[in-house]
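> One structure follows; several queries about it will come next.
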Amino acid sequence: MTSQLSTRGWLIVFVCAALVLRLGLAVKTGLDAPPPKLGSDEDEYDTCAWNLAQGKGYRGPSPGVGRDNLTAYRVPGTSLIWAGLYKVFGHRYGVIRLFHCLVGALTVLVIYDIGRRAFSERIGLFASAIYSLWPRAIFYSARLLSETLAMFWFLAYVAASLWFAERPTLNRACLAGLLLGFAMLTKGGFVIMIPFAVVWAVWQFWSKKPAILLAATIPLISLLTLTPWIVRNYRVFGDFIPLATEGGDTLLGGNNSVVAYDPEYYGHQIFPTLIPEYRDAFVSCSNEIERDNLAVNLAIRWLKEHPDRWCYLIQAKLRRSMTP
C-alpha cells in the first residue's frame with residue numbers, strides 16, 4: 001500500500017509540474033494570441049477548425065489555389081477537435097492552448113503506463129518525470145499545432161497495444177486500432193506504424209494462432225478509421241486521398257538544393273515555391289492534387305540525382321529533431 005501511495009504521489013507531482021510549466025509558457029507567450037501569420041501551419045489548422053465550427057465544412061487554405069477551399073491539404077484530426085471546442089466556447093485561442101496543456105500533462109500518465117508495462121514501475125516513473133520537463137513537449141503545448149494531440153494518441157496506442165499483449169481480446173485490439181487511426185488522422189506520418197504493427201503482431205504472437213489473428217485486427221481497424229475521411233475526399237476531389245495532399249510539399253521541402261547546401265536551412269525545410277528552380281513549375285498547377293503529385297516527382301528526381309547529400313540531410317534532420 002505504501003508503495004502504491006508513493007507511486008501515486010510522484011505521478012501527481014509530475015502531472016502538476018507538467019501542467020504548470022505548459023501553462024506558464026502559454027501565458028508567457030500569449031494565451032489568447034492568434035496564429036503568428038497567414039499561411040502558417042497554425043493559421044491553416046485554425047481556419048479549418050473555425051469553418052467546421054460554423055458548419056461550412058472542412059475548408060481552408062489550399063497552397064497555390066486560395067484560402068477558402070474544400071481541402072485535404074492536412075489530415076483533419078486536429079481541426080476536428082478544435083472545432084468542437086470552438087463550438088462550445090467560441091473562437092478563443094486560449095481555450096485551445098489550455099486544452100493542449102491538459103493533454104500534455106495527461107500524456108505523462110500514458111508514458112508512465114508504457115514504462116511500467118514494458119519494463120518496470122521505476123522506469124515508468126523515470127520516463128514520466130523526463131517527459132513532464134521535456135522542452136519540446138512544453139513548447140508544443142503552447143502552440144496552435146498538431147504535435148501535442150498526435151503524441152497523446154500515438155502513445156495511447158502504444159499503451160493499448162501493451163495492454164492487449166497482456167491478455168489478447170477483440171475489444172482491446174479494437175481500442176489499439178482506433179487509437180492508431182486517431183494518431184494518423186492527427187499526424188499523417190504515423191501511417192508508417194502500420195507495417196510495424198504487423199511485424200509486432202507476428203513477432204509477439206507467432207506461436208499463438210488465435211492471438212495473432214486478433215493482433216492483425218489492430219492495423220485493420222486503424223485503416224478502417226480512415227474510411228470516412230477517404231470517402232469524403234473522393235466525393236470532393238474524385239480521387240483516392242487516404243491522408244493528405246501536403247506530403248509532396250513536405251518531401252520536396254526537406255530534400256532540395258537549398259536545404260542541402262545552405263547552412264541557414266540546416267535540418268529545416270523550405271516551402272517549394274521558394275526554391276528558385278521549381279517556382280515556375282508550380283504556377284501551372286490548378287489544384288492541390290496536381291501540386292502534390294508534382295512535388296513528389298520533383299523530390300524523387302532530386303534525391304536520385306544527389307545521393308551524395310543523403311547522409312548529410314539525414315543527420316541534419318536527426319540533430320535538429322533532438323534539440324529543444
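Residue numbering restarts at 1 for every chain of the C-alpha cells, chains are lettered A, B, ... in their displayed order, and ligands are numbered from 1 as they appear.
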Near Phe237 (chain A), counting only C-alpha atoms, which residues have an atom at most 9 Å away, once you skip same-chain residues fewer than 2 positions from it, shown as a list in words?
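Once the nearby chain positions are removed, what remains is Leu70, Thr71, Ala72, Arg232, Asn233, Tyr234, Arg235, Asp239, Phe240, Ile241 and Ile289 of chain A.
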> Any chance you can output those residues with N, CA, C and O atoms as an mmCIF file, in the first residue's frame?

data_model
loop_
_atom_site.group_PDB
_atom_site.id
_atom_site.type_symbol
_atom_site.label_atom_id
_atom_site.label_comp_id
_atom_site.auth_asym_id
_atom_site.auth_seq_id
_atom_site.Cartn_x
_atom_site.Cartn_y
_atom_site.Cartn_z
ATOM 1 N N LEU A 70 -12.581 23.789 -50.185
ATOM 2 C CA LEU A 70 -12.668 22.446 -49.641
ATOM 3 C C LEU A 70 -11.309 21.808 -49.867
ATOM 4 O O LEU A 70 -10.814 21.747 -50.991
ATOM 5 N N THR A 71 -10.675 21.362 -48.810
ATOM 6 C CA THR A 71 -9.275 20.970 -48.892
ATOM 7 C C THR A 71 -9.015 19.631 -48.220
ATOM 8 O O THR A 71 -9.791 19.185 -47.368
ATOM 9 N N ALA A 72 -7.927 19.006 -48.641
ATOM 10 C CA ALA A 72 -7.416 17.821 -47.971
ATOM 11 C C ALA A 72 -5.930 17.998 -47.735
ATOM 12 O O ALA A 72 -5.192 17.020 -47.616
ATOM 13 N N ARG A 232 -14.981 11.034 -47.971
ATOM 14 C CA ARG A 232 -15.185 12.479 -48.144
ATOM 15 C C ARG A 232 -14.274 13.036 -49.230
ATOM 16 O O ARG A 232 -14.705 13.804 -50.098
ATOM 17 N N ASN A 233 -13.013 12.660 -49.198
ATOM 18 C CA ASN A 233 -12.063 13.170 -50.183
ATOM 19 C C ASN A 233 -12.409 12.716 -51.600
ATOM 20 O O ASN A 233 -12.240 13.479 -52.557
ATOM 21 N N TYR A 234 -12.880 11.486 -51.728
ATOM 22 C CA TYR A 234 -13.256 11.009 -53.061
ATOM 23 C C TYR A 234 -14.463 11.784 -53.593
ATOM 24 O O TYR A 234 -14.527 12.117 -54.779
ATOM 25 N N ARG A 235 -15.407 12.072 -52.709
ATOM 26 C CA ARG A 235 -16.589 12.830 -53.130
ATOM 27 C C ARG A 235 -16.219 14.256 -53.516
ATOM 28 O O ARG A 235 -16.807 14.822 -54.444
ATOM 29 N N ASP A 239 -10.796 11.568 -56.245
ATOM 30 C CA ASP A 239 -9.512 10.879 -56.234
ATOM 31 C C ASP A 239 -9.324 10.198 -54.887
ATOM 32 O O ASP A 239 -9.941 10.570 -53.890
ATOM 33 N N PHE A 240 -8.456 9.177 -54.867
ATOM 34 C CA PHE A 240 -8.173 8.441 -53.641
ATOM 35 C C PHE A 240 -7.109 9.193 -52.842
ATOM 36 O O PHE A 240 -5.943 9.259 -53.245
ATOM 37 N N ILE A 241 -7.521 9.788 -51.731
ATOM 38 C CA ILE A 241 -6.601 10.533 -50.861
ATOM 39 C C ILE A 241 -6.756 9.956 -49.456
ATOM 40 O O ILE A 241 -7.638 10.368 -48.693
ATOM 41 N N ILE A 289 -4.060 18.496 -55.681
ATOM 42 C CA ILE A 289 -3.659 17.144 -56.040
ATOM 43 C C ILE A 289 -2.551 17.188 -57.088
ATOM 44 O O ILE A 289 -1.546 16.475 -56.989
#
> For Leu294 (chain A), which residue among A:Gly188, A:Pro272, A:Gly181, A:Gly90 is the nearest when counting only C-alpha atoms?
A:Pro272
> Would you mind telling me which residue in A:Leu252, A:Val283, A:Val231, A:Thr47 lies nearest to Phe271 (chain A) when using only C-alpha atoms?
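Closest to Phe271 (chain A) of all the choices is A:Leu252.
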> DSSP says helix (DSSP H, G or I) for which residues of region 31-224 of chain A? Put them as a ChimeraX atom specification?
/A:41-53,77-89,93-118,121-133,135-141,147-166,170-186,188-205,209-224
> What gap, in Å, lies between CA of Gly247 (chain A) and CA of Tyr73 (chain A)?
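Computing it gives 8.5 Å between the two atoms.
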> Excluding Gly64 (chain A) and any residue of its chain fewer than 2 positions from it, enumerate the residues within 9 Å of it, using only C-alpha atoms, and give them as an MDAnalysis selection string.
chainID A and resid 61:62 66 282:283 285:288 291
> Restricting the calculation to only C-alpha atoms: of A:Ala211, A:Ile218, A:Val236, A:Leu178, which residue gets closest to Ile194 (chain A)?
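Among the listed residues, A:Ile218 lies closest to Ile194 (chain A).
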> Where in region 31-123 of chain A does DSSP assign strand (DSSP E), given as a ChimeraX atom specification?
/A:59-62,66-70
> Include N, CA, C and O atoms and write out the residues we just selected as a PDB file, in the first residue's frame.

ATOM      1  N   ARG A  59     -12.976  23.439 -44.802  1.00  0.00           N
ATOM      2  CA  ARG A  59     -12.477  24.418 -45.766  1.00  0.00           C
ATOM      3  C   ARG A  59     -11.309  25.180 -45.150  1.00  0.00           C
ATOM      4  O   ARG A  59     -11.267  25.423 -43.951  1.00  0.00           O
ATOM      5  N   GLY A  60     -10.384  25.569 -46.021  1.00  0.00           N
ATOM      6  CA  GLY A  60      -9.247  26.335 -45.536  1.00  0.00           C
ATOM      7  C   GLY A  60      -8.251  26.611 -46.633  1.00  0.00           C
ATOM      8  O   GLY A  60      -8.537  26.411 -47.822  1.00  0.00           O
ATOM      9  N   PRO A  61      -7.064  27.043 -46.249  1.00  0.00           N
ATOM     10  CA  PRO A  61      -6.024  27.362 -47.231  1.00  0.00           C
ATOM     11  C   PRO A  61      -5.598  26.140 -48.041  1.00  0.00           C
ATOM     12  O   PRO A  61      -5.384  25.070 -47.486  1.00  0.00           O
ATOM     13  N   SER A  62      -5.532  26.335 -49.325  1.00  0.00           N
ATOM     14  CA  SER A  62      -5.032  25.306 -50.237  1.00  0.00           C
ATOM     15  C   SER A  62      -3.905  25.948 -51.038  1.00  0.00           C
ATOM     16  O   SER A  62      -4.160  26.764 -51.919  1.00  0.00           O
ATOM     17  N   GLY A  66      -6.029  28.949 -53.046  1.00  0.00           N
ATOM     18  CA  GLY A  66      -6.737  30.003 -52.327  1.00  0.00           C
ATOM     19  C   GLY A  66      -6.842  29.688 -50.852  1.00  0.00           C
ATOM     20  O   GLY A  66      -6.345  28.669 -50.378  1.00  0.00           O
ATOM     21  N   ARG A  67      -7.535  30.562 -50.119  1.00  0.00           N
ATOM     22  CA  ARG A  67      -7.632  30.414 -48.669  1.00  0.00           C
ATOM     23  C   ARG A  67      -8.973  29.859 -48.212  1.00  0.00           C
ATOM     24  O   ARG A  67      -9.153  29.576 -47.041  1.00  0.00           O
ATOM     25  N   ASP A  68      -9.934  29.712 -49.116  1.00  0.00           N
ATOM     26  CA  ASP A  68     -11.254  29.261 -48.696  1.00  0.00           C
ATOM     27  C   ASP A  68     -11.741  28.178 -49.653  1.00  0.00           C
ATOM     28  O   ASP A  68     -12.638  28.378 -50.453  1.00  0.00           O
ATOM     29  N   ASN A  69     -11.113  27.002 -49.547  1.00  0.00           N
ATOM     30  CA  ASN A  69     -11.443  25.901 -50.446  1.00  0.00           C
ATOM     31  C   ASN A  69     -11.722  24.643 -49.642  1.00  0.00           C
ATOM     32  O   ASN A  69     -11.173  24.451 -48.561  1.00  0.00           O
ATOM     33  N   LEU A  70     -12.581  23.789 -50.185  1.00  0.00           N
ATOM     34  CA  LEU A  70     -12.668  22.446 -49.641  1.00  0.00           C
ATOM     35  C   LEU A  70     -11.309  21.808 -49.867  1.00  0.00           C
ATOM     36  O   LEU A  70     -10.814  21.747 -50.991  1.00  0.00           O
TER      37      LEU A  70
END
> Any chance you could tabulate, as a tab-separated table, the residues of region 13-51 of chain A at most 12 Å from region 98-115 of chain A with each one's nearest atom pair and distance in Å to one decimal, using only C-alpha atoms, in chain and rising number order?

residue	atom	partner	partner_atom	distance
A:Val13	CA	A:Val108	CA	10.5
A:Phe14	CA	A:Val108	CA	7.2
A:Val15	CA	A:Ala105	CA	5.2
A:Cys16	CA	A:Ala105	CA	7.3
A:Ala17	CA	A:Ala105	CA	8.2
A:Ala18	CA	A:Ala105	CA	5.2
A:Leu19	CA	A:Ala105	CA	5.2
A:Val20	CA	A:Cys101	CA	8.6
A:Leu21	CA	A:Cys101	CA	8.8
A:Arg22	CA	A:Cys101	CA	5.5
A:Leu23	CA	A:Cys101	CA	6.1
A:Gly24	CA	A:Cys101	CA	9.6
A:Leu25	CA	A:Cys101	CA	9.7
A:Ala26	CA	A:Leu98	CA	8.0
A:Val27	CA	A:Leu98	CA	9.6
A:Gly30	CA	A:Leu98	CA	11.5
A:Leu31	CA	A:Leu98	CA	8.0
A:Asp32	CA	A:Leu98	CA	9.9
> From the options A:Tyr312, A:Trp206, A:Trp229, A:Phe119, which residue's atoms come nearest to Arg74 (chain A), counting only C-alpha atoms?
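When distances to Arg74 (chain A) are compared using only C-alpha atoms, the smallest one comes from A:Trp229.
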> Give me, please, the distance in Å between CA of Thr225 (chain A) and CA of Pro35 (chain A), quoted to one decimal.
29.5 Å
> For Leu145 (chain A), find every residue with an atom within 8 Å (counting only C-alpha atoms), except residues of its own chain fewer than 5 positions away, and show them as a PyMOL selection string.
chain A and resi 41-42+45+78+140
> Quick one, how far is CA of Ser222 (chain A) from CA of Gly177 (chain A)?
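Between CA of Ser222 (chain A) and CA of Gly177 (chain A) the gap works out to 4.4 Å.
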> Which one of A:Val75, A:Leu133, A:Lys87, A:Tyr93 sits closest to Asn51 (chain A) if you count only C-alpha atoms?
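Checking each of A:Val75, A:Leu133, A:Lys87, A:Tyr93 against Asn51 (chain A), counting only C-alpha atoms, the winner is A:Lys87.
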> Do you have, as CSV, the list of residues of region 37-90 of chain A lying at most 12 Å from region 149-161 of chain A, each with its nearest atom pair and that distance in Å to one decimal, counting only C-alpha atoms and ordered by chain then number?

residue,atom,partner,partner_atom,distance
A:Val75,CA,A:Ala150,CA,11.2
A:Pro76,CA,A:Ala150,CA,11.6
A:Gly77,CA,A:Ala150,CA,8.7
A:Thr78,CA,A:Leu149,CA,7.1
A:Ser79,CA,A:Leu149,CA,10.7
A:Leu80,CA,A:Leu149,CA,11.5
A:Ile81,CA,A:Leu149,CA,9.3
A:Trp82,CA,A:Leu149,CA,10.6
> I need the chosen residues saved as a short mmCIF file (atom, residue, chain, number, x, y, z; two decimals), in the first residue's frame, with N, CA and C atoms.

data_model
loop_
_atom_site.label_atom_id
_atom_site.label_comp_id
_atom_site.auth_asym_id
_atom_site.auth_seq_id
_atom_site.Cartn_x
_atom_site.Cartn_y
_atom_site.Cartn_z
N VAL A 75 -4.46 16.45 -42.70
CA VAL A 75 -5.40 15.50 -42.09
C VAL A 75 -6.26 16.25 -41.08
N PRO A 76 -7.50 15.80 -40.86
CA PRO A 76 -8.48 16.63 -40.15
C PRO A 76 -8.52 16.50 -38.64
N GLY A 77 -7.76 15.57 -38.05
CA GLY A 77 -7.93 15.27 -36.62
C GLY A 77 -7.81 16.47 -35.70
N THR A 78 -6.78 17.27 -35.90
CA THR A 78 -6.56 18.43 -35.03
C THR A 78 -7.70 19.42 -35.16
N SER A 79 -8.04 19.78 -36.38
CA SER A 79 -9.09 20.78 -36.61
C SER A 79 -10.45 20.30 -36.14
N LEU A 80 -10.72 18.99 -36.23
CA LEU A 80 -12.00 18.46 -35.76
C LEU A 80 -12.16 18.67 -34.25
N ILE A 81 -11.10 18.39 -33.50
CA ILE A 81 -11.17 18.57 -32.05
C ILE A 81 -11.29 20.05 -31.70
N TRP A 82 -10.50 20.88 -32.36
CA TRP A 82 -10.60 22.31 -32.12
C TRP A 82 -12.00 22.82 -32.45
#
> Neighbours of Phe205 (chain A) within 12 Å (only C-alpha atoms; same-chain residues fewer than 4 positions away dropped), as a PyMOL selection string?
chain A and resi 164-168+197-201+209-216
> Export, as an mmCIF file, in the first residue's frame, the selected residues with N, CA and C atoms.

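The new file out-v4.cif reads:
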data_model
loop_
_atom_site.group_PDB
_atom_site.id
_atom_site.type_symbol
_atom_site.label_atom_id
_atom_site.label_comp_id
_atom_site.auth_asym_id
_atom_site.auth_seq_id
_atom_site.Cartn_x
_atom_site.Cartn_y
_atom_site.Cartn_z
ATOM 1 N N PHE A 164 -3.147 -4.980 -24.667
ATOM 2 C CA PHE A 164 -3.640 -6.105 -25.478
ATOM 3 C C PHE A 164 -2.719 -7.314 -25.358
ATOM 4 N N ALA A 165 -1.396 -7.077 -25.369
ATOM 5 C CA ALA A 165 -0.430 -8.174 -25.315
ATOM 6 C C ALA A 165 -0.548 -8.966 -24.022
ATOM 7 N N GLU A 166 -0.962 -8.302 -22.947
ATOM 8 C CA GLU A 166 -1.102 -8.997 -21.664
ATOM 9 C C GLU A 166 -2.269 -9.980 -21.671
ATOM 10 N N ARG A 167 -3.334 -9.603 -22.349
ATOM 11 C CA ARG A 167 -4.491 -10.506 -22.487
ATOM 12 C C ARG A 167 -5.228 -10.150 -23.772
ATOM 13 N N PRO A 168 -4.889 -10.834 -24.865
ATOM 14 C CA PRO A 168 -5.472 -10.503 -26.172
ATOM 15 C C PRO A 168 -6.986 -10.733 -26.213
ATOM 16 N N ALA A 197 3.189 -2.431 -36.950
ATOM 17 C CA ALA A 197 2.159 -3.120 -36.170
ATOM 18 C C ALA A 197 2.014 -4.569 -36.635
ATOM 19 N N VAL A 198 2.140 -4.778 -37.948
ATOM 20 C CA VAL A 198 2.063 -6.142 -38.488
ATOM 21 C C VAL A 198 3.258 -6.967 -38.026
ATOM 22 N N VAL A 199 4.454 -6.393 -38.117
ATOM 23 C CA VAL A 199 5.671 -7.094 -37.681
ATOM 24 C C VAL A 199 5.584 -7.430 -36.198
ATOM 25 N N TRP A 200 5.117 -6.478 -35.395
ATOM 26 C CA TRP A 200 4.983 -6.716 -33.947
ATOM 27 C C TRP A 200 4.012 -7.853 -33.671
ATOM 28 N N ALA A 201 2.904 -7.885 -34.395
ATOM 29 C CA ALA A 201 1.905 -8.934 -34.181
ATOM 30 C C ALA A 201 2.497 -10.313 -34.474
ATOM 31 N N LYS A 209 -1.800 -18.800 -32.349
ATOM 32 C CA LYS A 209 -2.588 -18.505 -33.535
ATOM 33 C C LYS A 209 -3.833 -17.653 -33.281
ATOM 34 N N PRO A 210 -4.639 -17.943 -32.236
ATOM 35 C CA PRO A 210 -5.803 -17.070 -32.015
ATOM 36 C C PRO A 210 -5.388 -15.626 -31.725
ATOM 37 N N ALA A 211 -4.310 -15.473 -30.963
ATOM 38 C CA ALA A 211 -3.858 -14.133 -30.598
ATOM 39 C C ALA A 211 -3.336 -13.368 -31.804
ATOM 40 N N ILE A 212 -2.645 -14.061 -32.708
ATOM 41 C CA ILE A 212 -2.089 -13.359 -33.860
ATOM 42 C C ILE A 212 -3.202 -12.868 -34.787
ATOM 43 N N LEU A 213 -4.295 -13.607 -34.846
ATOM 44 C CA LEU A 213 -5.432 -13.144 -35.640
ATOM 45 C C LEU A 213 -6.063 -11.906 -35.020
ATOM 46 N N LEU A 214 -6.170 -11.899 -33.702
ATOM 47 C CA LEU A 214 -6.699 -10.721 -33.017
ATOM 48 C C LEU A 214 -5.758 -9.527 -33.197
ATOM 49 N N ALA A 215 -4.451 -9.780 -33.093
ATOM 50 C CA ALA A 215 -3.477 -8.695 -33.252
ATOM 51 C C ALA A 215 -3.524 -8.112 -34.654
ATOM 52 N N ALA A 216 -3.846 -8.943 -35.644
ATOM 53 C CA ALA A 216 -3.929 -8.464 -37.022
ATOM 54 C C ALA A 216 -5.065 -7.467 -37.215
#
